[in-house]
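Trainee: Next up, coords-v8.cif (mmCIF, C-alpha atoms).
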data_coords
loop_
_atom_site.label_atom_id
_atom_site.label_comp_id
_atom_site.auth_asym_id
_atom_site.auth_seq_id
_atom_site.Cartn_x
_atom_site.Cartn_y
_atom_site.Cartn_z
CA MET J 1 -28.49 9.95 -40.45
CA SER J 2 -28.01 10.82 -36.84
CA SER J 3 -26.01 8.16 -35.08
CA GLN J 4 -27.53 5.88 -32.51
CA VAL J 5 -26.72 7.04 -29.03
CA THR J 6 -27.02 4.68 -26.10
CA ILE J 7 -28.69 5.40 -22.79
CA GLN J 8 -25.37 4.85 -21.01
CA THR J 9 -23.67 7.57 -23.08
CA GLN J 10 -26.39 10.09 -22.33
CA VAL J 11 -26.54 9.23 -18.62
CA ARG J 12 -22.77 9.46 -18.37
CA ALA J 13 -22.69 12.85 -20.11
CA LEU J 14 -25.38 14.19 -17.79
CA ILE J 15 -23.66 12.91 -14.64
CA ARG J 16 -20.33 14.32 -15.80
CA ARG J 17 -21.77 17.75 -16.49
CA ASP J 18 -23.62 17.89 -13.17
CA PHE J 19 -20.51 16.95 -11.19
CA ARG J 20 -18.56 19.64 -13.00
CA VAL J 21 -21.20 22.24 -12.20
CA ALA J 22 -21.31 21.12 -8.55
CA MET J 23 -17.53 21.33 -8.23
CA ARG J 24 -17.74 25.02 -9.24
CA GLN J 25 -20.29 25.72 -6.50
CA ARG J 26 -18.51 24.12 -3.56
CA SER J 27 -19.87 26.49 -0.94
CA ASP J 28 -23.41 25.36 -1.82
CA LEU J 29 -22.33 21.79 -1.18
CA LEU J 30 -20.71 22.55 2.16
CA ASN J 31 -23.67 24.45 3.60
CA PRO J 32 -25.95 21.49 4.46
CA ILE J 33 -23.15 19.43 5.95
CA LEU J 34 -21.93 22.38 8.08
CA PHE J 35 -25.50 22.94 9.25
CA LEU J 36 -25.68 19.30 10.29
CA LEU J 37 -22.42 19.50 12.23
CA VAL J 38 -23.46 22.69 13.98
CA VAL J 39 -26.85 21.30 15.05
CA VAL J 40 -25.32 18.11 16.39
CA THR J 41 -22.64 19.98 18.34
CA LEU J 42 -25.20 22.43 19.77
CA PHE J 43 -27.32 19.70 21.35
CA PRO J 44 -24.87 18.79 24.14
CA LEU J 45 -24.64 22.51 24.96
CA GLY J 46 -28.41 22.85 25.02
CA VAL J 47 -29.48 19.73 26.90
CA GLY J 48 -26.37 19.36 29.07
CA PRO J 49 -23.37 17.08 28.70
CA GLU J 50 -24.86 14.15 30.70
CA PRO J 51 -23.55 11.09 28.71
CA ALA J 52 -26.61 8.92 29.39
CA THR J 53 -29.03 11.62 28.19
CA LEU J 54 -26.98 12.26 25.06
CA ALA J 55 -26.82 8.56 24.25
CA ARG J 56 -30.61 8.35 24.57
CA ILE J 57 -31.36 11.24 22.24
CA ALA J 58 -28.50 10.55 19.80
CA PRO J 59 -30.43 8.52 17.17
CA GLY J 60 -33.21 11.08 17.00
CA VAL J 61 -30.88 14.09 16.94
CA ILE J 62 -28.67 12.68 14.20
CA TRP J 63 -31.57 11.63 12.02
CA VAL J 64 -33.64 14.80 12.48
CA SER J 65 -30.63 16.97 11.64
CA ALA J 66 -29.80 14.77 8.63
CA LEU J 67 -33.38 15.19 7.42
CA LEU J 68 -33.40 18.97 7.87
CA SER J 69 -29.99 19.43 6.28
CA ALA J 70 -31.15 17.34 3.31
CA LEU J 71 -34.13 19.67 2.85
CA LEU J 72 -31.76 22.63 2.96
CA GLY J 73 -29.84 21.58 -0.13
CA LEU J 74 -32.60 19.83 -2.02
CA GLU J 75 -33.64 22.68 -4.31
CA ARG J 76 -30.30 22.46 -6.09
CA LEU J 77 -31.64 19.34 -7.82
CA PHE J 78 -33.67 21.18 -10.46
CA ARG J 79 -33.75 24.90 -9.56
CA ASP J 80 -30.78 26.01 -11.69
CA ASP J 81 -31.70 23.68 -14.54
CA PHE J 82 -35.16 25.19 -14.58
CA SER J 83 -33.99 28.78 -14.71
CA ASP J 84 -31.29 28.32 -17.38
CA GLY J 85 -33.36 26.06 -19.63
CA ALA J 86 -31.31 22.88 -19.14
CA LEU J 87 -34.45 21.19 -17.85
CA GLU J 88 -36.21 21.61 -21.21
CA GLN J 89 -33.19 20.13 -22.94
CA MET J 90 -33.26 17.22 -20.49
CA LEU J 91 -36.86 16.48 -21.46
CA LEU J 92 -35.78 16.54 -25.12
CA MET J 93 -32.98 14.01 -24.75
CA PRO J 94 -33.67 10.87 -26.81
CA MET J 95 -33.56 8.51 -23.81
CA ALA J 96 -36.56 8.07 -21.53
CA VAL J 97 -36.70 11.04 -19.16
CA GLU J 98 -36.75 8.63 -16.20
CA TRP J 99 -33.11 7.74 -16.86
CA ALA J 100 -32.12 11.38 -16.79
CA VAL J 101 -34.03 11.84 -13.53
CA LEU J 102 -32.26 8.83 -12.04
CA ALA J 103 -28.91 10.35 -13.08
CA LYS J 104 -29.82 13.60 -11.31
CA ILE J 105 -30.84 11.66 -8.19
CA ILE J 106 -27.56 9.71 -8.20
CA VAL J 107 -25.49 12.90 -8.49
CA HIS J 108 -27.45 14.51 -5.67
CA TRP J 109 -27.03 11.42 -3.49
CA VAL J 110 -23.27 11.25 -4.02
CA LEU J 111 -22.86 14.97 -3.27
CA THR J 112 -25.00 15.04 -0.14
CA ALA J 113 -25.05 11.55 1.35
CA VAL J 114 -21.44 10.47 0.91
CA PRO J 115 -20.10 13.29 3.13
CA LEU J 116 -22.78 12.40 5.67
CA LEU J 117 -21.78 8.73 5.64
CA ILE J 118 -18.16 9.72 6.18
CA LEU J 119 -19.09 11.99 9.09
CA ALA J 120 -21.53 9.56 10.70
CA PRO J 121 -18.99 7.93 13.07
CA LEU J 122 -17.92 11.38 14.25
CA LEU J 123 -21.53 12.36 14.94
CA ALA J 124 -22.07 9.12 16.85
CA LEU J 125 -18.97 9.85 18.92
CA LEU J 126 -20.01 13.44 19.65
CA LEU J 127 -23.34 12.26 21.05
CA ASN J 128 -21.95 9.27 22.91
CA LEU J 129 -23.98 6.75 20.92
CA PRO J 130 -23.18 3.21 22.25
CA SER J 131 -20.73 1.52 19.92
CA SER J 132 -23.14 -1.38 19.42
CA ALA J 133 -25.41 1.01 17.47
CA TRP J 134 -22.78 2.53 15.18
CA GLY J 135 -23.28 -0.10 12.51
CA ALA J 136 -27.05 0.31 12.60
CA LEU J 137 -26.73 4.11 12.36
CA TRP J 138 -24.46 3.82 9.35
CA VAL J 139 -26.67 1.28 7.57
CA SER J 140 -29.80 3.34 8.33
CA LEU J 141 -28.15 6.40 6.77
CA LEU J 142 -27.00 4.34 3.79
CA LEU J 143 -30.55 3.09 3.21
CA GLY J 144 -32.34 6.29 4.13
CA THR J 145 -30.41 8.90 2.15
CA PRO J 146 -31.41 7.56 -1.29
CA VAL J 147 -35.02 8.00 -0.15
CA LEU J 148 -34.31 11.61 0.83
CA SER J 149 -32.84 12.27 -2.61
CA SER J 150 -35.49 10.49 -4.66
CA VAL J 151 -38.63 11.50 -2.74
CA GLY J 152 -37.11 14.97 -2.41
CA ALA J 153 -36.77 15.10 -6.20
CA ILE J 154 -40.55 14.68 -6.54
CA GLY J 155 -41.14 17.64 -4.25
CA VAL J 156 -38.59 19.81 -6.02
CA ALA J 157 -39.99 18.89 -9.44
CA LEU J 158 -43.46 19.93 -8.28
CA THR J 159 -42.40 23.26 -6.78
CA VAL J 160 -39.57 24.29 -9.11
CA SER J 161 -41.68 26.68 -11.18
CA LEU J 162 -42.96 28.54 -8.12
CA ASN J 163 -41.08 31.63 -7.08
CA LYS J 164 -41.07 30.90 -3.38
CA GLY J 165 -41.42 27.16 -3.35
CA GLY J 166 -39.14 26.60 -0.36
CA ALA J 167 -41.71 26.58 2.41
CA LEU J 168 -44.13 24.54 0.33
CA LEU J 169 -41.40 22.04 -0.40
CA SER J 170 -40.81 21.33 3.30
CA LEU J 171 -44.54 21.06 3.99
CA LEU J 172 -44.93 18.63 1.09
CA LEU J 173 -41.99 16.43 1.93
CA LEU J 174 -41.84 16.18 5.70
CA PRO J 175 -45.02 14.06 6.05
CA LEU J 176 -43.71 11.71 3.36
CA LEU J 177 -40.40 11.31 5.14
CA ILE J 178 -41.76 10.73 8.66
CA PRO J 179 -42.05 6.91 8.23
CA LEU J 180 -38.40 6.88 7.25
CA LEU J 181 -37.47 8.82 10.40
CA ILE J 182 -39.47 6.45 12.60
CA PHE J 183 -37.94 3.27 11.20
CA ALA J 184 -34.43 4.73 11.17
CA THR J 185 -34.47 5.86 14.78
CA ALA J 186 -36.16 2.59 15.80
CA ALA J 187 -33.33 0.65 14.15
CA VAL J 188 -30.61 2.65 15.89
CA GLU J 189 -32.37 2.49 19.26
CA THR J 190 -32.90 -1.28 19.16
CA ALA J 191 -29.23 -1.71 18.27
CA ALA J 192 -28.24 0.61 21.14
CA ASN J 193 -30.25 -1.61 23.49
CA GLY J 194 -28.29 -4.62 22.32
CA LEU J 195 -31.06 -6.11 20.14
CA SER J 196 -31.00 -6.86 16.42
CA PRO J 197 -32.03 -3.89 14.22
CA ALA J 198 -32.80 -6.17 11.27
CA GLY J 199 -36.58 -5.61 11.34
CA PRO J 200 -36.71 -1.81 10.92
CA LEU J 201 -33.71 -1.90 8.57
CA ALA J 202 -35.49 -4.40 6.33
CA LEU J 203 -38.50 -2.08 6.20
CA MET J 204 -36.20 0.82 5.33
CA ALA J 205 -34.63 -1.24 2.55
CA ALA J 206 -38.11 -1.87 1.15
CA ILE J 207 -38.92 1.86 1.24
CA THR J 208 -35.60 2.62 -0.49
CA VAL J 209 -36.24 0.18 -3.34
CA LEU J 210 -39.78 1.44 -3.77
CA ALA J 211 -38.69 5.10 -3.78
CA LEU J 212 -35.85 4.55 -6.25
CA VAL J 213 -38.00 2.59 -8.67
CA LEU J 214 -41.12 4.74 -8.60
CA SER J 215 -39.86 8.27 -8.03
CA PRO J 216 -38.36 8.78 -11.54
CA TYR J 217 -41.85 8.32 -13.03
CA ALA J 218 -43.40 10.76 -10.57
CA VAL J 219 -40.59 13.28 -11.12
CA HIS J 220 -41.01 13.04 -14.89
CA ALA J 221 -44.74 13.73 -14.64
CA ALA J 222 -44.13 16.64 -12.26
CA LEU J 223 -41.45 18.17 -14.49
CA ARG J 224 -43.77 18.06 -17.51
CA VAL J 225 -46.23 20.19 -15.56
CA SER J 226 -43.53 22.51 -14.23
CA VAL J 227 -41.93 23.41 -17.58
CA ASN J 228 -45.27 24.47 -19.06
CA MET U 1 -47.47 11.45 -48.44
CA THR U 2 -46.32 12.61 -45.07
CA GLY U 3 -44.18 15.64 -44.40
CA LEU U 4 -41.22 15.82 -42.08
CA LEU U 5 -43.29 17.53 -39.45
CA GLU U 6 -47.02 17.88 -39.60
CA ALA U 7 -49.37 19.56 -37.15
CA LYS U 8 -53.10 19.07 -37.61
CA GLY U 9 -55.88 20.99 -35.89
CA VAL U 10 -53.67 22.10 -33.03
CA VAL U 11 -55.42 24.10 -30.31
CA SER U 12 -53.59 25.94 -27.58
CA VAL U 13 -55.25 27.57 -24.59
CA ARG U 14 -53.19 29.46 -22.04
CA GLY U 15 -55.15 30.41 -18.97
CA GLU U 16 -58.48 31.75 -20.26
CA ARG U 17 -57.23 32.77 -23.66
CA THR U 18 -57.21 30.71 -26.85
CA LEU U 19 -53.91 31.38 -28.61
CA PHE U 20 -54.79 29.52 -31.79
CA ASP U 21 -57.54 27.13 -32.76
CA GLY U 22 -57.27 24.47 -35.43
CA LEU U 23 -53.80 25.37 -36.61
CA ASN U 24 -52.30 23.32 -39.45
CA LEU U 25 -48.66 23.27 -40.41
CA ARG U 26 -46.69 21.02 -42.70
CA VAL U 27 -42.91 21.28 -42.88
CA GLU U 28 -41.12 19.44 -45.70
CA PRO U 29 -37.40 18.65 -45.86
CA GLY U 30 -35.42 21.63 -47.11
CA GLU U 31 -38.04 24.16 -46.02
CA LEU U 32 -37.61 27.19 -43.83
CA TRP U 33 -40.62 28.31 -41.85
CA GLN U 34 -40.83 31.58 -40.00
CA VAL U 35 -43.55 32.06 -37.41
CA GLN U 36 -44.58 35.67 -37.05
CA GLY U 37 -47.00 37.54 -34.88
CA PRO U 38 -47.27 40.14 -32.14
CA ASN U 39 -46.02 39.44 -28.60
CA GLY U 40 -48.34 37.04 -26.82
CA ALA U 41 -49.78 35.59 -30.03
CA GLY U 42 -48.49 32.13 -29.12
CA LYS U 43 -45.34 31.79 -31.23
CA SER U 44 -43.30 30.20 -28.46
CA SER U 45 -46.23 28.00 -27.41
CA LEU U 46 -46.52 26.70 -30.97
CA LEU U 47 -42.83 25.87 -31.06
CA ARG U 48 -43.01 24.13 -27.71
CA ILE U 49 -46.05 22.14 -28.83
CA VAL U 50 -44.42 20.86 -32.02
CA ALA U 51 -41.21 20.09 -30.10
CA GLY U 52 -43.22 17.95 -27.68
CA LEU U 53 -42.59 20.07 -24.60
CA LEU U 54 -46.14 21.27 -24.23
CA PRO U 55 -49.20 19.08 -24.85
CA PRO U 56 -51.78 20.76 -27.11
CA GLN U 57 -55.38 21.03 -25.91
CA ALA U 58 -56.48 19.31 -29.11
CA GLY U 59 -54.97 18.18 -32.37
CA GLU U 60 -51.93 16.12 -33.17
CA VAL U 61 -48.32 16.53 -34.21
CA ARG U 62 -46.62 13.95 -36.40
CA PHE U 63 -42.97 13.49 -37.26
CA ARG U 64 -42.37 11.49 -40.45
CA GLY U 65 -45.96 10.30 -40.19
CA GLU U 66 -45.77 9.08 -36.60
CA LEU U 67 -47.29 10.77 -33.57
CA ILE U 68 -44.48 12.48 -31.66
CA GLN U 69 -45.65 10.94 -28.38
CA SER U 70 -45.30 7.40 -29.71
CA ALA U 71 -42.08 8.00 -31.67
CA ARG U 72 -40.60 10.21 -28.96
CA SER U 73 -37.08 8.81 -29.01
CA THR U 74 -36.59 8.88 -32.81
CA PHE U 75 -38.14 12.33 -32.96
CA HIS U 76 -35.91 13.82 -30.30
CA ARG U 77 -32.85 12.22 -31.85
CA ASP U 78 -33.61 14.16 -35.03
CA LEU U 79 -34.63 17.41 -33.38
CA LEU U 80 -32.58 20.34 -32.21
CA PHE U 81 -34.56 22.76 -30.07
CA ILE U 82 -33.10 26.00 -28.77
CA GLY U 83 -35.61 27.89 -26.70
CA HIS U 84 -35.42 31.44 -25.47
CA LYS U 85 -33.58 30.10 -22.43
CA ALA U 86 -30.22 29.17 -23.89
CA ALA U 87 -29.64 26.07 -21.69
CA ILE U 88 -26.02 27.04 -21.21
CA LYS U 89 -24.62 26.20 -17.76
CA PRO U 90 -23.22 29.49 -16.42
CA GLU U 91 -20.59 27.71 -14.29
CA LEU U 92 -19.08 25.87 -17.25
CA THR U 93 -16.90 27.13 -20.08
CA ALA U 94 -18.00 27.20 -23.71
CA ILE U 95 -16.09 24.00 -24.45
CA GLU U 96 -17.53 22.15 -21.47
CA ASN U 97 -21.05 23.18 -22.44
CA LEU U 98 -20.54 22.05 -26.01
CA GLU U 99 -18.90 18.78 -24.90
CA PHE U 100 -22.13 17.89 -23.13
CA TYR U 101 -24.34 18.57 -26.13
CA ALA U 102 -21.97 16.71 -28.46
CA ALA U 103 -21.90 13.71 -26.12
CA ILE U 104 -25.67 13.37 -25.72
CA GLN U 105 -26.13 13.14 -29.46
CA GLY U 106 -23.54 10.39 -29.66
CA GLN U 107 -20.87 12.41 -31.43
CA PRO U 108 -18.45 13.20 -28.60
CA LEU U 109 -15.77 15.77 -29.23
CA THR U 110 -12.45 14.01 -29.55
CA GLU U 111 -10.50 17.24 -29.30
CA PRO U 112 -11.38 20.79 -28.22
CA PRO U 113 -13.50 22.35 -30.98
CA TYR U 114 -11.27 25.38 -31.65
CA GLU U 115 -12.33 25.61 -35.28
CA LEU U 116 -15.97 25.82 -34.26
CA LEU U 117 -15.24 28.41 -31.58
CA GLU U 118 -13.42 30.47 -34.15
CA ARG U 119 -16.36 30.25 -36.52
CA VAL U 120 -18.85 31.46 -33.90
CA GLY U 121 -16.47 34.16 -32.66
CA LEU U 122 -15.59 32.77 -29.25
CA VAL U 123 -11.87 32.32 -29.69
CA GLY U 124 -9.86 33.34 -26.64
CA LEU U 125 -12.92 32.96 -24.41
CA GLU U 126 -12.92 29.18 -24.22
CA ASP U 127 -11.59 28.96 -20.65
CA ILE U 128 -13.94 31.51 -19.14
CA PRO U 129 -17.12 30.35 -17.35
CA ALA U 130 -20.14 31.34 -19.43
CA GLN U 131 -21.54 33.54 -16.64
CA GLN U 132 -18.70 36.01 -17.19
CA LEU U 133 -19.52 36.39 -20.89
CA SER U 134 -21.98 38.85 -22.39
CA ALA U 135 -25.52 37.87 -23.34
CA GLY U 136 -24.61 37.78 -27.02
CA GLN U 137 -21.58 35.59 -26.36
CA GLN U 138 -23.67 33.17 -24.28
CA ARG U 139 -26.16 33.06 -27.13
CA ARG U 140 -23.31 32.19 -29.47
CA ILE U 141 -22.37 29.20 -27.31
CA ALA U 142 -25.94 27.93 -27.52
CA LEU U 143 -26.06 28.50 -31.28
CA ALA U 144 -22.72 26.72 -31.77
CA ARG U 145 -24.83 23.60 -31.26
CA LEU U 146 -26.10 24.16 -34.80
CA TRP U 147 -22.59 23.33 -36.05
CA LEU U 148 -22.49 20.11 -34.01
CA SER U 149 -25.93 18.93 -35.01
CA SER U 150 -26.96 16.55 -37.72
CA ALA U 151 -30.64 16.75 -36.74
CA ALA U 152 -33.17 16.88 -39.56
CA LEU U 153 -35.30 19.50 -37.85
CA TRP U 154 -34.21 22.64 -36.06
CA ILE U 155 -36.72 24.50 -33.93
CA LEU U 156 -35.35 27.85 -32.84
CA ASP U 157 -37.12 30.40 -30.67
CA GLU U 158 -35.85 33.90 -31.47
CA PRO U 159 -32.34 32.75 -32.48
CA PHE U 160 -31.20 36.28 -33.35
CA THR U 161 -31.81 37.75 -29.88
CA SER U 162 -28.78 39.69 -28.60
CA LEU U 163 -26.67 38.80 -31.65
CA ASP U 164 -24.70 41.46 -33.51
CA VAL U 165 -24.62 41.90 -37.29
CA SER U 166 -21.79 39.43 -37.84
CA GLY U 167 -23.57 36.90 -35.62
CA ILE U 168 -26.73 37.19 -37.69
CA ALA U 169 -24.79 36.75 -40.94
CA MET U 170 -23.04 33.69 -39.53
CA LEU U 171 -26.40 32.20 -38.58
CA HIS U 172 -27.90 32.88 -42.03
CA GLU U 173 -24.98 31.03 -43.55
CA ARG U 174 -25.55 28.02 -41.31
CA PHE U 175 -29.29 28.04 -42.07
CA THR U 176 -28.46 27.86 -45.77
CA TRP U 177 -26.25 24.84 -45.11
CA GLN U 178 -29.02 23.04 -43.21
CA LEU U 179 -31.61 23.73 -45.92
CA GLU U 180 -29.31 22.72 -48.76
CA ARG U 181 -28.62 19.33 -47.23
CA GLY U 182 -32.36 18.70 -46.88
CA GLY U 183 -32.88 19.71 -43.27
CA ALA U 184 -35.79 21.86 -42.14
CA ILE U 185 -35.93 24.90 -39.89
CA LEU U 186 -38.87 26.27 -37.95
CA LEU U 187 -38.17 29.52 -36.17
CA THR U 188 -39.72 32.59 -34.68
CA SER U 189 -38.21 35.95 -35.42
CA HIS U 190 -39.18 39.55 -35.92
CA GLN U 191 -36.38 39.95 -38.44
CA ALA U 192 -36.63 39.50 -42.19
CA LEU U 193 -34.61 36.54 -43.39
CA ASP U 194 -33.81 38.01 -46.80
CA SER U 195 -30.17 36.98 -47.11
CA ILE U 196 -31.08 33.29 -47.22
CA PRO U 197 -31.29 32.08 -50.83
CA VAL U 198 -34.45 30.02 -50.38
CA GLN U 199 -38.08 30.83 -50.13
CA VAL U 200 -39.16 31.68 -46.59
CA ASN U 201 -42.54 30.21 -45.68
CA MET U 202 -44.50 32.46 -43.38
CA LEU U 203 -46.93 31.45 -40.71
CA THR U 204 -48.60 34.45 -39.13
CA LEU U 205 -50.38 34.19 -35.79
CA GLU U 206 -52.91 36.84 -34.89
CA TYR U 207 -53.43 38.07 -31.37
CA GLN U 208 -56.75 36.60 -30.28
CA HIS U 209 -58.81 38.46 -27.71
#
Represent the structure from my file as structure tokens, please.

Mentor:
Amino acid sequence: MSSQVTIQTQVRALIRRDFRVAMRQRSDLLNPILFLLVVVTLFPLGVGPEPATLARIAPGVIWVSALLSALLGLERLFRDDFSDGALEQMLLMPMAVEWAVLAKIIVHWVLTAVPLLILAPLLALLLNLPSSAWGALWVSLLLGTPVLSSVGAIGVALTVSLNKGGALLSLLLLPLLIPLLIFATAAVETAANGLSPAGPLALMAAITVLALVLSPYAVHAALRVSVN
Amino acid sequence: MTGLLEAKGVVSVRGERTLFDGLNLRVEPGELWQVQGPNGAGKSSLLRIVAGLLPPQAGEVRFRGELIQSARSTFHRDLLFIGHKAAIKPELTAIENLEFYAAIQGQPLTEPPYELLERVGLVGLEDIPAQQLSAGQQRRIALARLWLSSAALWILDEPFTSLDVSGIAMLHERFTWQLERGGAILLTSHQALDSIPVQVNMLTLEYQH
């Protein structure tokens, strides 16, 4: 008797609810992005305002702070859902759990990466990154942030049932994200030197596709263990 | 003949302790089952196993004759599970919470469900985030899902927790509705369900040492 309900309807309902919840916790959303801004503005004070030095370290500084600020807000992905029981209900939705996981990843990406993409030109300017590398920086962030959200989701799903999972989460995720950091900074540096960043960016694109396709399965398996 | 829900030889082990071994249960349409037992006897584990949230160590669970793992989507479409965590988002209002649950079962609310809120005693509180409501009121939001649901099987873990007398009466009334239309209910509770005009089937779990 129960009506057929499509995957799109369920995904849309989940995304809508999560955005509503996020909009009521705005300070949580602002924290990581403020952290990022503070770190990037502290570097010139710490290493000295020499423009050539800043330009050299800019790709690394921007990407390392983006990575750390992503880790800062990552737990939001499943922590609240786990403690209020919404996670159980997510596993009981009629659609495949992987779709629900993908919806959570998309919401997290929009909330964390879109502000970063908007701020990226400002960060590049603050650190005197050569204008030839701005495009590469932006594309590397566009390709890299979905990996942060989706690989991060695996880590959060694994540690969500632990009381103090925070430290473990960073230890778990940082090694997995190091290849991303290497390719991203390589892309921005080659572009800053006037060469084509296509090679490292293509590798990043491959990592992104792989992470987005495979992580929902891994997250599903991890969540099954965590809700027990 | 296959029942609506059938568990055969289910074994559950938590840590070092066997909660139950070789448990059989068969729920037919229109039946009310109450799982009883002391704290720690495995009532919640049993409910989570038959809902498909927890894999049993051995045994199988079938819904309308099909294994719940292989018929997962049809099973979950016809199942309403309310665990001891209410799954109510504390940042959202009662209406927003209910909108979500109505939408994921494909029966979106076309207008605010004031009639339903009145029935579950939440009138006047519809614009307040759930975190500012009392435990009993939050429980009522979760239980309002019973009025939105057309699922054939309800699995409810301690539904009467933090409800007052009128809340319990309201729930008994809704249980009667579900049973009369041929739905089934499986619940845990320490309360007697004597105001419901059907036979209550008892399943008692012993505490195993």

Trainee: Find, counting all atoms listed in the file, the residue in J:Tyr217, J:Phe183, J:Phe82, J:Phe19 that gets nearest to Pro59 in chain J.

Mentor: J:Phe183

Trainee: Could you give me, as a JSON list (two decimals) with C-alpha atoms, in the coordinates of the input, the residues within 10 Å of range 85-92 of chain U, counting only C-alpha atoms and dropping anything in the same chain fewer than 3 positions from it?

Mentor:
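File part.json, as written:
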[["chain", "number", "residue", "atom", "x", "y", "z"],
["J", 17, "ARG", "CA", -21.77, 17.75, -16.49],
["J", 18, "ASP", "CA", -23.62, 17.89, -13.17],
["J", 20, "ARG", "CA", -18.56, 19.64, -13.00],
["J", 21, "VAL", "CA", -21.20, 22.24, -12.20],
["J", 22, "ALA", "CA", -21.31, 21.12, -8.55],
["J", 23, "MET", "CA", -17.53, 21.33, -8.23],
["J", 24, "ARG", "CA", -17.74, 25.02, -9.24],
["J", 25, "GLN", "CA", -20.29, 25.72, -6.50],
["J", 80, "ASP", "CA", -30.78, 26.01, -11.69],
["J", 81, "ASP", "CA", -31.70, 23.68, -14.54],
["J", 82, "PHE", "CA", -35.16, 25.19, -14.58],
["J", 83, "SER", "CA", -33.99, 28.78, -14.71],
["J", 84, "ASP", "CA", -31.29, 28.32, -17.38],
["J", 85, "GLY", "CA", -33.36, 26.06, -19.63],
["J", 86, "ALA", "CA", -31.31, 22.88, -19.14],
["J", 87, "LEU", "CA", -34.45, 21.19, -17.85],
["J", 88, "GLU", "CA", -36.21, 21.61, -21.21],
["J", 89, "GLN", "CA", -33.19, 20.13, -22.94],
["J", 90, "MET", "CA", -33.26, 17.22, -20.49],
["U", 81, "PHE", "CA", -34.56, 22.76, -30.07],
["U", 82, "ILE", "CA", -33.10, 26.00, -28.77],
["U", 95, "ILE", "CA", -16.09, 24.00, -24.45],
["U", 96, "GLU", "CA", -17.53, 22.15, -21.47],
["U", 97, "ASN", "CA", -21.05, 23.18, -22.44],
["U", 98, "LEU", "CA", -20.54, 22.05, -26.01],
["U", 101, "TYR", "CA", -24.34, 18.57, -26.13],
["U", 126, "GLU", "CA", -12.92, 29.18, -24.22],
["U", 127, "ASP", "CA", -11.59, 28.96, -20.65],
["U", 128, "ILE", "CA", -13.94, 31.51, -19.14],
["U", 129, "PRO", "CA", -17.12, 30.35, -17.35],
["U", 130, "ALA", "CA", -20.14, 31.34, -19.43],
["U", 131, "GLN", "CA", -21.54, 33.54, -16.64],
["U", 132, "GLN", "CA", -18.70, 36.01, -17.19],
["U", 133, "LEU", "CA", -19.52, 36.39, -20.89],
["U", 135, "ALA", "CA", -25.52, 37.87, -23.34],
["U", 138, "GLN", "CA", -23.67, 33.17, -24.28],
["U", 139, "ARG", "CA", -26.16, 33.06, -27.13],
["U", 140, "ARG", "CA", -23.31, 32.19, -29.47],
["U", 141, "ILE", "CA", -22.37, 29.20, -27.31],
["U", 142, "ALA", "CA", -25.94, 27.93, -27.52],
["U", 143, "LEU", "CA", -26.06, 28.50, -31.28],
["U", 157, "ASP", "CA", -37.12, 30.40, -30.67],
["U", 159, "PRO", "CA", -32.34, 32.75, -32.48]]

Trainee: Which is closest to chain U among J:Ala100, J:Val114, J:Val213, J:Val39, if we use all atoms listed in the file?

Mentor: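 Answer, going by the shortest atom-to-atom distance: J:Ala100.
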
Trainee: Near Leu46 in chain U, within 9 Å and counting only C-alpha atoms, which residues show up once chain neighbours fewer than 5 positions away are dropped, as a ChimeraX atom specification?

Mentor: /U:10,12,20,35,51,54,56

Trainee: Might you pull out every residue within 7 Å of range 187-194 of chain U, with only C-alpha atoms counted and same-chain residues fewer than 2 positions away left off, and present them as a PyMOL selection string?

Mentor: chain U and resi 33-36+43+155-158+185+196

Trainee: Would you mind exporting C-alpha atoms of the selected residues as a PDB file, in the frame of the given file?

Mentor:
ATOM      1  CA  TRP U  33     -40.620  28.310 -41.850  1.00  0.00           C
ATOM      2  CA  GLN U  34     -40.830  31.580 -40.000  1.00  0.00           C
ATOM      3  CA  VAL U  35     -43.550  32.060 -37.410  1.00  0.00           C
ATOM      4  CA  GLN U  36     -44.580  35.670 -37.050  1.00  0.00           C
ATOM      5  CA  LYS U  43     -45.340  31.790 -31.230  1.00  0.00           C
ATOM      6  CA  ILE U 155     -36.720  24.500 -33.930  1.00  0.00           C
ATOM      7  CA  LEU U 156     -35.350  27.850 -32.840  1.00  0.00           C
ATOM      8  CA  ASP U 157     -37.120  30.400 -30.670  1.00  0.00           C
ATOM      9  CA  GLU U 158     -35.850  33.900 -31.470  1.00  0.00           C
ATOM     10  CA  ILE U 185     -35.930  24.900 -39.890  1.00  0.00           C
ATOM     11  CA  ILE U 196     -31.080  33.290 -47.220  1.00  0.00           C
TER      12      ILE U 196
END

Trainee: For this structure, which residues satisfy the selection - the PyMOL selection byres ((chain U) within 6 of (chain J)) - when it is evaluated on the file as given? I want them as a PyMOL selection string.

Mentor: chain U and resi 73+76-77+85+87+91+100+104+106+150

Trainee: Go ahead and save the picked residues with C-alpha atoms, as a PDB file, keeping the file's coordinate frame.

Mentor:
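The file below, out-v8.pdb, is the result:
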ATOM      1  CA  SER U  73     -37.080   8.810 -29.010  1.00  0.00           C
ATOM      2  CA  HIS U  76     -35.910  13.820 -30.300  1.00  0.00           C
ATOM      3  CA  ARG U  77     -32.850  12.220 -31.850  1.00  0.00           C
ATOM      4  CA  LYS U  85     -33.580  30.100 -22.430  1.00  0.00           C
ATOM      5  CA  ALA U  87     -29.640  26.070 -21.690  1.00  0.00           C
ATOM      6  CA  GLU U  91     -20.590  27.710 -14.290  1.00  0.00           C
ATOM      7  CA  PHE U 100     -22.130  17.890 -23.130  1.00  0.00           C
ATOM      8  CA  ILE U 104     -25.670  13.370 -25.720  1.00  0.00           C
ATOM      9  CA  GLY U 106     -23.540  10.390 -29.660  1.00  0.00           C
ATOM     10  CA  SER U 150     -26.960  16.550 -37.720  1.00  0.00           C
TER      11      SER U 150
END
